[in-house]
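So this one's target33.tsv, TSV, C-alpha atoms and all ligand atoms:
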chain	number	residue	atom	x	y	z
A	1	MET	CA	18.54	2.88	29.31
A	2	ASP	CA	20.10	-0.30	30.56
A	3	PHE	CA	19.20	-3.54	28.85
A	4	PHE	CA	22.59	-5.17	28.39
A	5	ARG	CA	22.11	-8.75	29.50
A	6	SER	CA	25.41	-10.33	28.63
A	7	LYS	CA	28.51	-9.57	26.64
A	8	ALA	CA	27.18	-11.81	23.87
A	9	ASP	CA	24.15	-9.68	23.11
A	10	ARG	CA	25.63	-6.30	23.96
A	11	ALA	CA	24.01	-3.69	21.78
A	12	PRO	CA	26.01	-1.01	20.02
A	13	ALA	CA	25.54	2.41	21.53
A	14	VAL	CA	23.19	4.68	19.66
A	15	ASP	CA	22.90	8.43	19.90
A	16	LEU	CA	19.36	8.98	21.18
A	17	LYS	CA	19.56	12.61	20.07
A	18	ARG	CA	20.05	11.54	16.44
A	19	LEU	CA	17.41	8.87	16.17
A	20	PRO	CA	15.68	8.40	12.84
A	21	ARG	CA	12.30	10.18	13.10
A	22	HIS	CA	10.51	7.31	11.40
A	23	ILE	CA	11.35	3.60	11.36
A	24	ALA	CA	9.38	1.18	9.16
A	25	ILE	CA	9.60	-2.58	9.64
A	26	ILE	CA	8.64	-5.54	7.45
A	27	MET	CA	7.89	-8.10	10.19
A	28	ASP	CA	9.13	-11.08	8.19
A	29	GLY	CA	10.17	-14.60	9.19
A	30	ASN	CA	7.37	-15.67	11.52
A	31	GLY	CA	6.63	-18.82	9.52
A	32	ARG	CA	10.28	-19.93	9.42
A	33	TRP	CA	10.67	-19.17	13.13
A	34	ALA	CA	7.78	-21.55	13.87
A	35	LYS	CA	8.97	-24.22	11.42
A	36	LYS	CA	12.42	-24.30	13.05
A	37	ARG	CA	10.66	-25.17	16.31
A	38	GLY	CA	8.28	-27.74	14.81
A	39	MET	CA	5.36	-25.43	15.51
A	40	PRO	CA	2.49	-24.32	13.22
A	41	ARG	CA	3.00	-21.08	11.26
A	42	THR	CA	0.29	-19.43	13.35
A	43	ALA	CA	2.50	-19.85	16.44
A	44	GLY	CA	5.15	-17.86	14.58
A	45	HIS	CA	2.66	-15.05	13.98
A	46	ALA	CA	1.70	-15.09	17.68
A	47	ALA	CA	5.40	-14.75	18.57
A	48	GLY	CA	5.70	-12.01	15.95
A	49	ALA	CA	2.76	-10.11	17.44
A	50	GLU	CA	4.33	-10.41	20.89
A	51	ASN	CA	7.60	-9.06	19.54
A	52	PHE	CA	5.78	-6.18	17.91
A	53	ARG	CA	4.47	-5.20	21.36
A	54	THR	CA	7.99	-5.29	22.80
A	55	ILE	CA	9.57	-3.30	19.98
A	56	ALA	CA	6.75	-0.75	19.77
A	57	THR	CA	6.93	-0.15	23.53
A	58	TYR	CA	10.70	0.24	23.34
A	59	CYS	CA	10.46	2.65	20.40
A	60	LYS	CA	8.11	4.79	22.46
A	61	GLU	CA	10.48	4.67	25.46
A	62	ILE	CA	13.48	5.87	23.47
A	63	GLY	CA	11.45	8.71	21.95
A	64	LEU	CA	10.93	7.53	18.37
A	65	GLU	CA	8.32	9.70	16.65
A	66	TYR	CA	6.93	7.26	14.08
A	67	LEU	CA	6.93	3.47	13.79
A	68	THR	CA	5.26	1.79	10.80
A	69	VAL	CA	4.86	-1.98	10.57
A	70	TYR	CA	3.74	-4.22	7.72
A	71	ALA	CA	1.16	-6.50	9.33
A	72	PHE	CA	-0.85	-7.73	6.33
A	73	SER	CA	-0.36	-6.99	2.66
A	74	THR	CA	-2.85	-6.84	-0.20
A	75	GLU	CA	-1.19	-10.08	-1.39
A	76	ASN	CA	-1.42	-11.90	1.96
A	77	TRP	CA	-5.05	-12.91	1.25
A	78	LYS	CA	-3.52	-15.71	-0.90
A	79	ARG	CA	-2.45	-17.51	2.29
A	80	PRO	CA	-4.47	-20.43	3.68
A	81	PRO	CA	-7.70	-19.18	5.31
A	82	ASP	CA	-6.72	-20.45	8.78
A	83	GLU	CA	-3.48	-18.46	8.62
A	84	VAL	CA	-5.32	-15.32	7.49
A	85	SER	CA	-7.85	-15.66	10.29
A	86	ALA	CA	-5.09	-16.30	12.84
A	87	ILE	CA	-3.37	-13.03	11.83
A	88	MET	CA	-6.70	-11.16	11.99
A	89	GLY	CA	-7.32	-12.71	15.42
A	90	LEU	CA	-3.93	-11.48	16.64
A	91	LEU	CA	-4.68	-8.00	15.36
A	92	LYS	CA	-8.04	-8.02	17.14
A	93	LYS	CA	-6.39	-9.14	20.37
A	94	TYR	CA	-3.75	-6.46	20.07
A	95	LEU	CA	-6.27	-3.69	19.34
A	96	LEU	CA	-8.48	-4.68	22.28
A	97	GLU	CA	-5.45	-4.53	24.57
A	98	ALA	CA	-4.28	-1.27	23.03
A	99	ILE	CA	-7.71	0.33	23.59
A	100	GLY	CA	-7.59	-0.76	27.23
A	101	GLN	CA	-4.18	0.84	27.73
A	102	MET	CA	-4.51	3.93	25.58
A	103	GLU	CA	-4.93	6.44	28.37
A	104	ARG	CA	-1.72	5.13	29.91
A	105	ASP	CA	0.36	4.64	26.75
A	106	ARG	CA	-0.88	7.65	24.76
A	107	VAL	CA	0.40	6.17	21.51
A	108	LYS	CA	-1.29	7.55	18.41
A	109	MET	CA	-2.43	4.70	16.17
A	110	GLU	CA	-3.05	4.89	12.45
A	111	PHE	CA	-3.79	2.30	9.79
A	112	PHE	CA	-2.44	2.35	6.25
A	113	GLY	CA	-4.47	0.28	3.83
A	114	ASP	CA	-8.01	-0.34	2.67
A	115	LEU	CA	-9.87	-1.58	5.73
A	116	SER	CA	-13.13	-2.33	3.87
A	117	PRO	CA	-12.50	-6.09	3.30
A	118	LEU	CA	-11.92	-6.67	7.04
A	119	THR	CA	-14.68	-8.03	9.26
A	120	PRO	CA	-16.95	-5.24	10.57
A	121	GLU	CA	-15.69	-6.01	14.08
A	122	LEU	CA	-12.01	-5.58	13.19
A	123	ARG	CA	-12.75	-2.51	11.11
A	124	GLN	CA	-14.61	-0.91	14.00
A	125	LEU	CA	-11.75	-1.71	16.36
A	126	CYS	CA	-9.31	0.01	13.97
A	127	GLU	CA	-11.60	3.03	13.71
A	128	ARG	CA	-12.08	3.22	17.49
A	129	THR	CA	-8.34	2.98	18.12
A	130	ARG	CA	-7.68	5.69	15.56
A	131	GLU	CA	-10.43	7.91	16.99
A	132	ILE	CA	-9.43	7.58	20.66
A	133	SER	CA	-5.76	8.27	19.97
A	134	ARG	CA	-6.33	11.02	17.39
A	135	HIS	CA	-5.11	13.83	19.65
A	136	TYR	CA	-2.22	12.00	21.28
A	137	GLU	CA	1.17	13.47	20.67
A	138	GLY	CA	4.45	11.65	20.94
A	139	CYS	CA	4.92	8.28	19.32
A	140	GLN	CA	2.69	7.37	16.36
A	141	VAL	CA	2.35	3.72	15.36
A	142	ASN	CA	1.08	3.00	11.86
A	143	ILE	CA	-0.14	-0.52	11.16
A	144	CYS	CA	-0.19	-1.45	7.47
A	145	LEU	CA	-3.23	-3.63	7.09
A	146	ASN	CA	-4.45	-4.85	3.72
A	147	TYR	CA	-1.76	-2.51	2.47
A	148	GLY	CA	0.15	-2.55	-0.80
A	149	GLY	CA	2.35	0.23	-2.16
A	150	ARG	CA	0.97	-0.13	-5.69
A	151	ASP	CA	-2.60	-0.23	-4.43
A	152	GLU	CA	-1.94	2.94	-2.43
A	153	LEU	CA	-0.51	4.71	-5.50
A	154	LEU	CA	-3.45	3.67	-7.71
A	155	ARG	CA	-5.95	4.85	-5.11
A	156	GLY	CA	-4.07	8.13	-4.82
A	157	ALA	CA	-4.07	8.57	-8.60
A	158	MET	CA	-7.81	7.81	-8.85
A	159	ASN	CA	-8.70	10.21	-6.06
A	160	TYR	CA	-6.54	12.90	-7.61
A	161	ALA	CA	-8.24	12.33	-10.98
A	162	LYS	CA	-11.65	12.64	-9.26
A	163	ASP	CA	-10.59	15.90	-7.63
A	164	CYS	CA	-9.47	17.18	-11.03
A	165	LEU	CA	-12.85	16.29	-12.58
A	166	GLU	CA	-14.64	18.06	-9.72
A	167	GLY	CA	-12.42	21.13	-10.14
A	168	LYS	CA	-10.78	20.65	-6.74
A	169	ALA	CA	-7.34	19.97	-8.22
A	170	ASP	CA	-5.44	21.28	-11.23
A	171	PRO	CA	-4.47	18.50	-13.69
A	172	ASN	CA	-1.62	20.65	-15.03
A	173	HIS	CA	0.04	21.15	-11.72
A	174	LEU	CA	0.86	18.53	-9.15
A	175	THR	CA	3.79	18.55	-6.74
A	176	GLN	CA	5.18	15.54	-4.89
A	177	GLU	CA	4.01	17.13	-1.66
A	178	GLN	CA	0.46	17.55	-2.98
A	179	PHE	CA	0.34	13.96	-4.25
A	180	GLY	CA	1.58	12.74	-0.87
A	181	ARG	CA	-1.71	13.98	0.59
A	182	TYR	CA	-3.56	11.37	-1.48
A	183	LEU	CA	-1.68	8.52	0.17
A	184	PHE	CA	-2.53	6.57	3.34
A	185	SER	CA	0.60	8.08	4.88
A	186	ARG	CA	-0.61	11.66	4.55
A	187	GLY	CA	0.90	13.87	7.25
A	188	VAL	CA	3.57	11.32	8.18
A	189	PRO	CA	7.19	12.01	7.21
A	190	ASP	CA	8.86	9.44	4.97
A	191	PRO	CA	10.62	6.59	6.79
A	192	ASP	CA	14.28	7.33	7.44
A	193	LEU	CA	15.05	3.69	8.08
A	194	VAL	CA	13.35	0.59	6.65
A	195	ILE	CA	14.20	-2.67	8.41
A	196	ARG	CA	13.61	-6.12	6.96
A	197	PRO	CA	14.56	-9.09	9.08
A	198	SER	CA	14.64	-12.74	7.94
A	199	GLY	CA	17.24	-12.52	5.20
A	200	GLU	CA	14.94	-11.51	2.34
A	201	LEU	CA	16.33	-8.64	0.27
A	202	ARG	CA	13.25	-7.08	-1.24
A	203	LEU	CA	10.64	-4.41	-0.54
A	204	SER	CA	7.56	-6.58	-1.22
A	205	ASN	CA	5.27	-3.69	-2.15
A	206	PHE	CA	5.95	-1.82	1.11
A	207	LEU	CA	5.91	2.01	1.16
A	208	LEU	CA	7.05	2.29	-2.47
A	209	TRP	CA	6.55	6.05	-2.69
A	210	GLN	CA	7.66	6.85	0.85
A	211	SER	CA	10.90	4.84	0.82
A	212	ALA	CA	12.44	6.71	-2.13
A	213	TYR	CA	15.27	8.00	0.07
A	214	SER	CA	15.05	5.64	3.03
A	215	GLU	CA	18.09	3.85	4.39
A	216	PHE	CA	17.66	0.06	4.36
A	217	TYR	CA	18.78	-2.41	6.98
A	218	PHE	CA	18.60	-6.15	6.33
A	219	THR	CA	19.39	-8.90	8.79
A	220	ASP	CA	19.04	-12.71	8.82
A	221	VAL	CA	17.42	-12.61	12.27
A	222	LEU	CA	13.77	-13.71	12.08
A	223	TRP	CA	11.16	-11.18	13.24
A	224	PRO	CA	10.15	-12.96	16.49
A	225	ASP	CA	13.87	-12.89	17.47
A	226	PHE	CA	14.39	-9.27	16.44
A	227	SER	CA	15.18	-7.94	19.91
A	228	LYS	CA	15.92	-4.47	21.26
A	229	VAL	CA	19.60	-5.30	20.72
A	230	GLU	CA	18.87	-5.96	17.02
A	231	LEU	CA	17.01	-2.66	16.84
A	232	HIS	CA	20.04	-0.91	18.30
A	233	LYS	CA	22.22	-2.54	15.63
A	234	ALA	CA	19.88	-1.23	12.93
A	235	ILE	CA	19.84	2.29	14.40
A	236	ALA	CA	23.63	2.27	14.86
A	237	ALA	CA	24.06	1.23	11.19
A	238	TYR	CA	21.69	4.05	10.19
A	239	GLN	CA	23.66	6.56	12.24
A	240	ASN	CA	26.82	5.59	10.35
A	241	ARG	CA	25.29	6.24	6.95
A	242	ASP	CA	25.88	9.35	4.92
A	243	ARG	CA	22.50	10.49	3.58
A	244	ARG	CA	22.88	12.68	0.53
A	245	PHE	CA	19.35	12.65	-0.98
A	246	GLY	CA	20.84	12.82	-4.45
A	247	GLY	CA	23.23	15.63	-3.55
A	248	VAL	CA	26.96	15.38	-2.94
A	301	LIG	C1	5.50	-12.27	7.45
A	301	LIG	O1	6.15	-13.45	7.89
A	301	LIG	C2	4.48	-11.89	8.44
A	301	LIG	C3	3.18	-11.63	8.17
A	301	LIG	C4	2.62	-11.71	6.81
A	301	LIG	C5	2.21	-11.32	9.25
A	301	LIG	C6	2.70	-10.38	10.31
A	301	LIG	C7	1.72	-10.37	11.40
A	301	LIG	C8	2.00	-10.31	12.71
A	301	LIG	C9	3.36	-10.11	13.25
A	301	LIG	C10	0.92	-10.48	13.73
A	301	LIG	C11	-0.10	-9.40	13.86
A	301	LIG	C12	0.43	-8.02	13.93
A	301	LIG	C13	0.19	-7.11	14.90
A	301	LIG	C14	0.59	-5.69	14.63
A	301	LIG	C15	-0.40	-7.41	16.22
A	301	LIG	P1	5.94	-14.80	7.08
A	301	LIG	O2	4.77	-15.50	7.60
A	301	LIG	O3	5.89	-14.51	5.62
A	301	LIG	O4	7.25	-15.58	7.44
A	301	LIG	P2	8.02	-16.63	6.51
A	301	LIG	O5	8.58	-15.84	5.35
A	301	LIG	O6	9.08	-17.16	7.42
A	301	LIG	O7	7.03	-17.67	6.09

Write the structure described by the file as structure tokens, please.
Amino acid sequence: MDFFRSKADRAPAVDLKRLPRHIAIIMDGNGRWAKKRGMPRTAGHAAGAENFRTIATYCKEIGLEYLTVYAFSTENWKRPPDEVSAIMGLLKKYLLEAIGQMERDRVKMEFFGDLSPLTPELRQLCERTREISRHYEGCQVNICLNYGGRDELLRGAMNYAKDCLEGKADPNHLTQEQFGRYLFSRGVPDPDLVIRPSGELRLSNFLLWQSAYSEFYFTDVLWPDFSKVELHKAIAAYQNRDRRFGGV
């Protein structure tokens, strides 16, 4: 795997046999990236979407099992309508391309979030992508779309309560593993590494349940500039951590 371009951006070596199984990324900093260049925020999202393609392809190449990205939160509807529709347009463009290349790429695609407020066209594209790639094995990419950690937990709690009322679940007995099956992330192992570029040091309602024991990596680099070298830095930092999961 040779992508060293110059001494300046030389990536730290990572042990490909000890990769995290699951990396989750908050793709933050698109707006600031655009502002720095005197461009509209939507141009930052376009650059962010392009970078997502690069990073997702690279993750597949190195053999990562799961990649989850935060594309649109339950709170992002508060943004100006033209910005919201630009992000939705980028998602549509990406999904159309992904469908065209699925046979070749064989990446399994999933969506975390309530897709019902999306346009019927976008919703159908998500469903088609999910359906076509359902049996693919190898890398799984989860796109968080109209996703919020608290929303996910409330939905899980309501569905569990319904199952209890219908006699399908026991209200006196619930394990963490059983509750996990009520979440969008059912069947997906918790993220080992959560990356947030752009200098913000918060979780912003991302994978609240799933990140209980995740390792975090923060960097000032803005998402459109978060290159393969930056990804290597994050993985190298992860590989130097001592994960104890509450033990000693
Ligand atoms: C956060 O940066 C980014 C978003 C809310 C949108 C992310 C969307 C994309 C990268 C494009 C579509 C995605 C795919 C998967 C094709 P920000 O706008 O909050 O940045 P700022 O904090 O600098 O303003």

- Residue among A:Leu16, A:Ile132, A:Ala157, A:Leu122 lying closest to Glu103 (chain A), counting all atoms listed in the file: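 Counting all atoms listed in the file, the residue closest to Glu103 (chain A) is A:Ile132.
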
Counting only C-alpha atoms and all ligand atoms, give me one row per residue of chain A with an atom at most 8 Å from an atom of ligand LIG 301 (chain A), showing the shortest contact pair and its distance in Å to one decimal, sorted by chain then residue number, as a tab-separated table.
residue	atom	partner	partner_atom	distance
A:Ile26	CA	A:LIG301	C1	7.4
A:Met27	CA	A:LIG301	C2	5.4
A:Asp28	CA	A:LIG301	O1	3.8
A:Gly29	CA	A:LIG301	O6	3.3
A:Asn30	CA	A:LIG301	O4	4.1
A:Gly31	CA	A:LIG301	O6	3.6
A:Arg32	CA	A:LIG301	O6	3.6
A:Trp33	CA	A:LIG301	O6	6.3
A:Ala34	CA	A:LIG301	O6	7.9
A:Arg41	CA	A:LIG301	O2	6.9
A:Gly44	CA	A:LIG301	O2	7.4
A:His45	CA	A:LIG301	C10	4.9
A:Ala46	CA	A:LIG301	C10	6.1
A:Ala47	CA	A:LIG301	C9	7.3
A:Gly48	CA	A:LIG301	C9	4.0
A:Ala49	CA	A:LIG301	C10	4.2
A:Glu50	CA	A:LIG301	C15	7.3
A:Asn51	CA	A:LIG301	C9	7.7
A:Phe52	CA	A:LIG301	C14	6.2
A:Arg53	CA	A:LIG301	C15	7.4
A:Val69	CA	A:LIG301	C14	7.0
A:Tyr70	CA	A:LIG301	C6	6.8
A:Ala71	CA	A:LIG301	C6	4.3
A:Phe72	CA	A:LIG301	C4	5.3
A:Ser73	CA	A:LIG301	C4	7.0
A:Asn76	CA	A:LIG301	C4	6.3
A:Ile87	CA	A:LIG301	C11	5.3
A:Met88	CA	A:LIG301	C11	7.1
A:Leu90	CA	A:LIG301	C11	5.2
A:Leu91	CA	A:LIG301	C15	4.4
A:Lys92	CA	A:LIG301	C15	7.7
A:Lys93	CA	A:LIG301	C15	7.5
A:Tyr94	CA	A:LIG301	C15	5.2
A:Leu95	CA	A:LIG301	C15	7.6
A:Ile143	CA	A:LIG301	C14	6.3
A:Ser198	CA	A:LIG301	O6	7.1
A:Leu222	CA	A:LIG301	O6	7.5
A:Trp223	CA	A:LIG301	O1	7.7

Using only C-alpha atoms, find each residue of region 172-199 of chain A with at least one atom at most 12 Å away from an atom of region 104-111 of chain A; report its shortest atom-to-atom pair and that distance in Å (one decimal), sort the rows by chain and rising residue number, and return the result as JSON lines.
{"residue": "A:Leu183", "atom": "CA", "partner": "A:Phe111", "partner_atom": "CA", "distance": 11.6}
{"residue": "A:Phe184", "atom": "CA", "partner": "A:Phe111", "partner_atom": "CA", "distance": 7.8}
{"residue": "A:Ser185", "atom": "CA", "partner": "A:Phe111", "partner_atom": "CA", "distance": 8.8}
{"residue": "A:Arg186", "atom": "CA", "partner": "A:Glu110", "partner_atom": "CA", "distance": 10.7}
{"residue": "A:Gly187", "atom": "CA", "partner": "A:Glu110", "partner_atom": "CA", "distance": 11.1}
{"residue": "A:Val188", "atom": "CA", "partner": "A:Glu110", "partner_atom": "CA", "distance": 10.2}

- For CA of Tyr160 (chain A) and CA of Arg202 (chain A), determine how far apart the two atoms are, in Å to one decimal place.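 These two atoms are separated by 28.8 Å.
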
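Of the residues under consideration (A:Thr219, A:Gln140, A:Ser133, A:Thr57), A:Gln140 shows the shortest atom-to-atom contact distance to His22 (chain A) when counting all atoms listed in the file.
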
- Task: Would you mind listing what lies within 9 Å of Ala13 (chain A) as a PyMOL selection string, with all atoms listed in the file counted and same-chain residues fewer than 4 positions away left out?
- Result: chain A and resi 232-233+236

- 12 Å contact set for Ala169 (chain A), all atoms listed in the file, chain neighbours under 2 positions out, as an MDAnalysis selection string: chainID A and resid 157 159:167 171:175 178:179 182

- Query: Which residue gives the smallest distance to Pro20 (chain A) among A:Leu64, A:Cys144, A:Ile195, A:Val248, with all atoms listed in the file counted?
  - Reply: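 Counting all atoms listed in the file, the residue closest to Pro20 (chain A) is A:Leu64.
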
- CA of Leu207 (chain A) and CA of Arg18 (chain A), how far apart in Å?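 We find that CA of Arg18 (chain A) and CA of Leu207 (chain A) lie 22.9 Å from each other.
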
- Using only C-alpha atoms, which residue out of A:Glu83, A:Glu97, A:Glu61, A:Asp15 lies closest to Cys139 (chain A)?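 That would be A:Glu61, the residue with the smallest distance to Cys139 (chain A).
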
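Across the structure, CA of Val194 (chain A) and CA of Phe216 (chain A) are spaced 4.9 Å apart.
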
- Nearest residue to Asp151 (chain A) from the set A:Pro191, A:Arg196, A:Asn205, A:Lys36 (distances using all atoms listed in the file):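 Of A:Pro191, A:Arg196, A:Asn205, A:Lys36, the one nearest Asp151 (chain A) is A:Asn205, counting all atoms listed in the file.
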
- Query: With distances taken over all atoms listed in the file, which of A:Ala11, A:Ala86, A:Leu193, A:Leu115 is nearest to Tyr66 (chain A)?
  - Reply: A:Leu193
